[in-house]
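Pasting work02.txt here (compact mmCIF, C-alpha atoms):
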```txt
# COMPACT_ATOMS: atom_id res chain seq x y z
CA MET P 26 85.99 91.05 120.54
CA ALA P 27 88.55 91.62 123.30
CA ARG P 28 88.70 94.86 125.27
CA THR P 29 91.52 95.37 127.72
CA ARG P 30 92.67 98.11 130.06
CA VAL P 31 96.39 98.51 130.73
CA ARG P 32 98.71 100.93 132.50
CA ILE P 33 100.93 103.57 130.88
CA THR P 34 104.68 102.83 130.93
CA SER P 35 107.19 105.08 132.67
CA LEU P 36 109.00 105.77 129.40
CA LEU P 37 105.83 106.94 127.76
CA ALA P 38 105.04 109.15 130.72
CA LEU P 39 108.37 110.95 130.14
CA THR P 40 107.55 111.27 126.46
CA LEU P 41 104.21 112.82 127.30
CA SER P 42 105.83 115.31 129.68
CA ALA P 43 108.04 116.48 126.81
CA GLY P 44 104.97 117.98 125.23
CA LEU P 45 103.73 115.46 122.69
CA THR P 46 100.00 115.88 122.37
CA LEU P 47 97.15 114.37 120.46
CA THR P 48 95.72 116.06 117.37
CA ALA P 49 92.22 114.98 116.54
CA THR P 50 90.20 115.05 113.33
CA GLY P 51 86.96 113.57 112.11
CA CYS P 52 83.23 114.10 112.28
CA GLY P 53 80.38 112.42 114.08
CA ASP P 54 77.32 112.69 116.25
CA SER P 55 76.85 114.21 119.69
CA ASP P 56 73.32 113.22 120.52
CA SER P 57 73.24 113.04 124.30
CA SER P 58 70.25 110.73 124.11
CA ASP P 59 72.58 107.98 122.95
CA GLY P 60 73.70 107.39 126.52
CA PRO P 61 76.82 107.98 128.63
CA ARG P 62 80.12 108.87 126.99
CA ALA P 63 83.65 107.84 127.90
CA ALA P 64 84.78 109.36 131.19
CA GLY P 65 87.67 111.24 129.57
CA ALA P 66 85.72 112.48 126.54
CA LYS P 67 86.15 116.08 125.47
CA ASP P 68 82.89 118.03 125.09
CA GLY P 69 80.94 114.78 125.22
CA ALA P 70 82.83 113.24 122.29
CA PRO P 71 85.25 110.37 122.92
CA VAL P 72 88.81 110.67 121.63
CA VAL P 73 89.58 107.66 119.45
CA VAL P 74 92.99 106.51 118.27
CA ALA P 75 93.01 103.97 115.44
CA THR P 76 96.07 102.09 114.26
CA THR P 77 95.13 102.44 110.55
CA THR P 78 92.63 104.24 108.35
CA TRP P 79 90.60 101.03 108.23
CA GLU P 80 89.91 101.10 111.98
CA GLY P 81 89.61 104.87 111.79
CA ALA P 82 86.94 104.67 109.10
CA PHE P 83 84.91 102.29 111.24
CA ALA P 84 85.17 104.76 114.12
CA LYS P 85 84.07 107.66 111.93
CA ALA P 86 81.17 105.65 110.52
CA ALA P 87 80.09 104.86 114.08
CA GLY P 88 79.94 108.56 114.92
CA ALA P 89 83.31 109.32 116.53
CA GLU P 90 84.12 113.04 116.29
CA ASN P 91 87.78 112.94 117.29
CA VAL P 92 89.79 110.32 115.42
CA LYS P 93 93.58 110.09 115.30
CA VAL P 94 95.13 107.54 112.90
CA ILE P 95 98.63 106.24 113.61
CA VAL P 96 99.66 104.61 110.30
CA PRO P 97 99.69 107.11 107.39
CA SER P 98 97.25 106.37 104.57
CA SER P 99 100.24 106.45 102.19
CA ALA P 100 101.66 103.27 103.75
CA GLN P 101 101.21 100.52 101.15
CA HIS P 102 101.37 97.74 103.74
CA ALA P 103 100.15 99.11 107.05
CA PRO P 104 101.37 96.19 109.23
CA ASP P 105 104.98 97.07 108.30
CA TYR P 106 104.73 100.50 109.93
CA ASP P 107 106.82 101.11 113.04
CA PRO P 108 104.99 103.43 115.48
CA ARG P 109 106.92 106.53 116.60
CA PRO P 110 107.05 107.82 120.20
CA SER P 111 104.58 110.58 119.25
CA ASP P 112 102.18 107.91 117.98
CA LEU P 113 102.35 106.10 121.29
CA ALA P 114 101.85 109.38 123.13
CA ALA P 115 98.62 109.87 121.20
CA VAL P 116 97.50 106.42 122.29
CA ALA P 117 97.96 107.36 125.93
CA GLU P 118 95.70 110.41 125.47
CA ALA P 119 92.81 108.43 123.99
CA ASP P 120 89.53 107.26 125.45
CA PHE P 121 89.40 104.34 123.00
CA VAL P 122 92.18 102.65 121.04
CA LEU P 123 91.21 100.53 118.02
CA TYR P 124 93.58 97.91 116.64
CA ALA P 125 93.61 94.60 114.77
CA PRO P 126 95.27 91.48 116.21
CA PHE P 127 97.23 90.75 113.01
CA GLU P 128 99.13 94.03 113.28
CA PRO P 129 102.63 93.25 114.61
CA TYR P 130 102.78 96.52 116.56
CA ALA P 131 99.60 95.66 118.49
CA GLU P 132 101.65 94.81 121.59
CA LYS P 133 103.35 98.22 121.50
CA ILE P 134 99.94 99.83 121.27
CA LYS P 135 98.69 97.85 124.26
CA GLU P 136 101.73 98.80 126.33
CA ALA P 137 101.36 102.47 125.43
CA ALA P 138 97.67 102.81 126.27
CA GLY P 139 97.00 104.81 129.42
CA SER P 140 94.88 103.60 132.32
CA GLU P 141 91.87 105.51 130.96
CA ALA P 142 92.10 104.14 127.41
CA GLU P 143 89.86 101.23 126.48
CA LEU P 144 91.48 98.88 123.99
CA VAL P 145 89.08 97.62 121.32
CA GLU P 146 90.22 94.72 119.16
CA GLN P 147 88.72 94.61 115.67
CA GLN P 148 88.45 91.79 113.16
CA LEU P 149 88.74 93.89 110.01
CA ASP P 150 86.50 92.80 107.16
CA ASN P 151 84.60 94.73 104.48
CA ASP P 152 81.85 92.14 104.21
CA PRO P 153 78.68 94.28 104.39
CA GLU P 154 76.97 92.45 107.24
CA ARG P 155 80.12 92.43 109.35
CA VAL P 156 80.72 96.09 108.64
CA LYS P 157 77.26 97.10 109.85
CA ALA P 158 77.57 94.92 112.95
CA GLU P 159 80.92 96.50 113.79
CA VAL P 160 79.65 100.04 113.25
CA THR P 161 76.71 99.26 115.54
CA ARG P 162 79.03 97.81 118.20
CA LEU P 163 81.31 100.86 118.13
CA GLY P 164 78.32 103.20 118.25
CA LYS P 165 77.28 101.57 121.51
CA LEU P 166 80.79 101.88 122.92
CA PHE P 167 81.15 105.55 121.92
CA GLY P 168 77.61 106.54 122.94
CA THR P 169 76.82 107.47 119.31
CA ARG P 170 74.15 104.90 118.47
CA SER P 171 72.01 107.24 116.37
CA ALA P 172 74.97 108.30 114.20
CA ALA P 173 75.92 104.67 113.68
CA ALA P 174 72.35 103.79 112.71
CA ARG P 175 72.22 106.63 110.21
CA TRP P 176 75.48 105.51 108.63
CA ASN P 177 74.26 101.92 108.36
CA LYS P 178 71.12 103.13 106.61
CA SER P 179 73.13 105.18 104.12
CA PHE P 180 75.44 102.21 103.60
CA ASP P 181 72.50 99.93 102.72
CA THR P 182 71.26 102.44 100.15
CA GLU P 183 74.65 102.95 98.55
CA TYR P 184 75.53 99.26 98.54
CA ALA P 185 72.25 98.34 96.83
CA THR P 186 72.85 100.95 94.14
CA LEU P 187 76.40 99.75 93.48
CA ARG P 188 75.26 96.14 93.20
CA LYS P 189 72.52 97.08 90.77
CA ASP P 190 74.94 99.02 88.56
CA LEU P 191 77.51 96.20 88.61
CA LYS P 192 74.92 93.65 87.60
CA LYS P 193 74.25 95.70 84.48
CA ALA P 194 77.94 95.40 83.61
CA TRP P 195 78.12 91.58 83.79
CA PRO P 196 79.85 90.27 80.65
CA GLY P 197 77.18 88.76 78.42
CA GLY P 198 74.59 89.44 81.10
CA ARG P 199 75.85 86.56 83.26
CA SER P 200 77.49 86.54 86.70
CA PRO P 201 81.25 86.18 86.09
CA ALA P 202 83.31 83.38 87.64
CA VAL P 203 86.08 84.82 89.82
CA VAL P 204 88.93 83.78 92.09
CA ALA P 205 89.42 86.09 95.06
CA GLN P 206 92.10 86.72 97.62
CA VAL P 207 90.47 85.93 100.98
CA TYR P 208 90.51 89.57 102.11
CA SER P 209 89.03 90.73 98.79
CA ALA P 210 86.10 88.30 98.70
CA TRP P 211 83.78 91.11 99.81
CA SER P 212 84.28 92.77 96.42
CA ALA P 213 83.09 89.60 94.67
CA LYS P 214 79.90 89.73 96.73
CA LEU P 215 79.48 93.38 95.81
CA ALA P 216 79.78 92.49 92.12
CA GLY P 217 77.41 89.54 92.42
CA ALA P 218 80.18 87.34 91.05
CA ASP P 219 80.43 83.55 91.32
CA VAL P 220 83.44 82.81 93.53
CA VAL P 221 84.93 79.55 92.22
CA GLY P 222 88.01 79.67 94.46
CA THR P 223 90.02 81.71 96.96
CA TYR P 224 93.67 82.05 97.87
CA GLY P 225 95.90 83.66 100.50
CA PRO P 226 96.87 85.18 102.71
CA GLU P 227 99.80 82.77 102.26
CA ALA P 228 101.61 82.60 98.92
CA VAL P 229 99.88 80.58 96.22
CA THR P 230 101.41 77.11 95.85
CA ALA P 231 101.92 75.31 92.55
CA ARG P 232 99.07 72.95 93.43
CA GLN P 233 96.73 75.85 94.19
CA LEU P 234 97.76 77.54 90.97
CA SER P 235 96.84 74.45 89.00
CA ASP P 236 93.54 73.92 90.82
CA LEU P 237 92.45 77.55 90.52
CA SER P 238 93.36 77.73 86.84
CA LYS P 239 91.18 74.69 86.15
CA LYS P 240 88.20 76.65 87.47
CA LYS P 241 88.59 78.94 84.43
CA PRO P 242 87.80 82.20 86.21
CA ALA P 243 87.21 85.31 84.16
CA PHE P 244 88.72 87.54 86.86
CA VAL P 245 91.09 87.40 89.80
CA LEU P 246 90.24 89.84 92.61
CA ASP P 247 93.61 90.48 94.20
CA ASN P 248 94.41 92.32 97.44
CA VAL P 249 96.62 95.29 96.54
CA HIS P 250 97.96 95.44 100.10
CA MET P 251 99.22 91.83 100.02
CA SER P 252 99.80 91.29 96.31
CA THR P 253 102.46 88.85 95.11
CA GLY P 254 102.10 89.81 91.47
CA THR P 255 100.10 88.02 88.81
CA VAL P 256 98.27 85.19 90.55
CA LEU P 257 97.15 83.06 87.60
CA PRO P 258 99.56 83.75 84.74
CA ASP P 259 98.67 82.25 81.36
CA SER P 260 95.13 81.45 82.58
CA GLY P 261 93.50 84.23 80.62
CA ALA P 262 91.93 85.64 83.79
CA ARG P 263 92.01 89.43 84.10
CA GLN P 264 93.49 90.47 87.47
CA ILE P 265 91.78 93.31 89.36
CA ASP P 266 93.45 95.13 92.25
CA ILE P 267 91.11 95.63 95.20
CA VAL P 268 91.90 98.25 97.86
CA ASN P 269 90.68 97.48 101.39
CA TYR P 270 91.95 100.51 103.29
CA PRO P 271 90.12 103.86 103.17
CA GLY P 272 92.05 107.06 102.46
CA LYS P 273 92.98 109.76 104.92
CA ASP P 274 89.42 111.11 104.76
CA LEU P 275 88.34 107.90 106.56
CA ASP P 276 85.42 107.44 104.17
CA LEU P 277 84.54 103.75 104.37
CA LEU P 278 81.87 104.08 101.66
CA ALA P 279 84.54 105.28 99.23
CA VAL P 280 86.18 101.84 99.45
CA TYR P 281 83.04 100.28 97.98
CA ARG P 282 82.64 102.98 95.34
CA ASN P 283 86.23 102.61 94.22
CA ALA P 284 86.01 98.83 94.09
CA ALA P 285 82.77 99.03 92.10
CA THR P 286 84.34 101.43 89.61
CA THR P 287 87.41 99.22 89.18
CA VAL P 288 85.45 95.99 88.77
CA GLU P 289 82.89 97.57 86.45
CA LYS P 290 85.66 98.89 84.18
CA ALA P 291 87.24 95.42 84.00
CA MET P 292 83.95 93.68 83.26
CA LYS P 293 83.05 96.12 80.49
CA ALA P 294 86.47 95.56 78.92
CA ALA P 295 86.13 91.76 78.99
```
The structure given in the file should be rewritten as structure tokens.
Amino acid sequence: MARTRVRITSLLALTLSAGLTLTATGCGDSDSSDGPRAAGAKDGAPVVVATTTWEGAFAKAAGAENVKVIVPSSAQHAPDYDPRPSDLAAVAEADFVLYAPFEPYAEKIKEAAGSEAELVEQQLDNDPERVKAEVTRLGKLFGTRSAAARWNKSFDTEYATLRKDLKKAWPGGRSPAVVAQVYSAWSAKLAGADVVGTYGPEAVTARQLSDLSKKKPAFVLDNVHMSTGTVLPDSGARQIDIVNYPGKDLDLLAVYRNAATTVEKAMKAA
């Protein structure tokens, strides 16, 4: 994971002098035994700016107390968002800036970060093992290891419960065959489903359509943020919309609960 320090631009410095300031929200842990905090941290808690609620939820899970999210949770496709000058001003006030390399505005974020902001690149994925590893990594960076460890423990408990409940909902008591969009494959793992094929993020070709249909999946786990409509028309597969991004409350666990509820409903209706 790349971490880079860069200098604030002159234009942004003028913007900051006009009075644009950072507003911070969130909750976390302030156990001083976790080690040193960021040099610019307020009251021992680092100020974190995240490009989207996805990065923001990781920060909150890791124990960050002050989290500012740039892209509104209402944005259907976060990468299409165009950061405003006030957004970039917030970046310059941060101790840590979290972003994903696939976001087209990542370069603007890098240019806007002040000399004290540490840029943290994230490979966003809701796969459970990767999530826990990322929360642990951020906890070390923020000096909130104990909060991160507590969240990981609660995640393990919740995830196990959701998996158990979903298994009870398997049609006919058997693991269903599914096709999943590559960024929604984590939901298939959560459901204990048999992934017989994947697609995306590029558009599905006619050849892929034919090959995936031959697998005779019971469900298609689509990515609501990158959907191109019905993926396997006339195949008989029920399409399920999976949401990857948390809401404005930055509750990462809610993503799993919501996915479990959606998948369970579809399986019971099959």
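Closest approach to Glu118 (chain P) among P:Ala82, P:Gly225, P:Ala131, P:Val72 is made by P:Val72 (distances from only C-alpha atoms).
Distance-wise, CA of Lys214 (chain P) and CA of Pro153 (chain P) end up 9.0 Å apart.
When CA of His250 (chain P) is paired with CA of Phe167 (chain P), their separation reads 29.3 Å.
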message: Neighbouring residues of Ala103 (chain P) were defined as those with any atom within 9 Å, considering all atoms listed in the file; residues of the same chain fewer than 3 positions away were excluded. Please report them as a VMD selection string.
response: chain P and resid 76 to 77 96 to 100 106 128 250
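Counting all atoms listed in the file, the residue from P:Ala119, P:Ile267, P:Thr255, P:Leu277 that sits nearest to Ala213 (chain P) is P:Ile267.
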field: Contacts of Glu159 (chain P) within 10 Å, all atoms listed in the file, excl. fewer than 5 positions in-chain, as a PyMOL selection string
entry: chain P and resi 83-84+86-87+147-150+153-154+164-165+173
task: For CA of Lys290 (chain P) and CA of Leu237 (chain P), determine how far apart the two atoms are, in Å to one decimal place.
output: 23.3 Å
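Restricting the calculation to only C-alpha atoms, the smallest distance between Lys133 (chain P) and any of P:Ala75, P:Val116, P:Leu275, P:Val156 is found for P:Val116.
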Edge lengths and centre in Å to one decimal, as JSON, of the axis-aligned box that encloses all listed atoms of region 111-129 of chain P with 3 Å added on every side?
```
{"center_x": 97.0, "center_y": 100.7, "center_z": 119.5, "size_x": 21.2, "size_y": 25.8, "size_z": 18.9}
```
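With only C-alpha atoms as the atoms that count, the minimum distance from Asp266 (chain P) to the choices P:Glu227, P:Lys293, P:Ala205, P:Lys239 is reached by P:Ala205.
Candidate residues P:Ala218, P:Val203, P:Leu234, P:Asn177 were compared for distance to Val160 (chain P), and the nearest is P:Asn177, using only C-alpha atoms.
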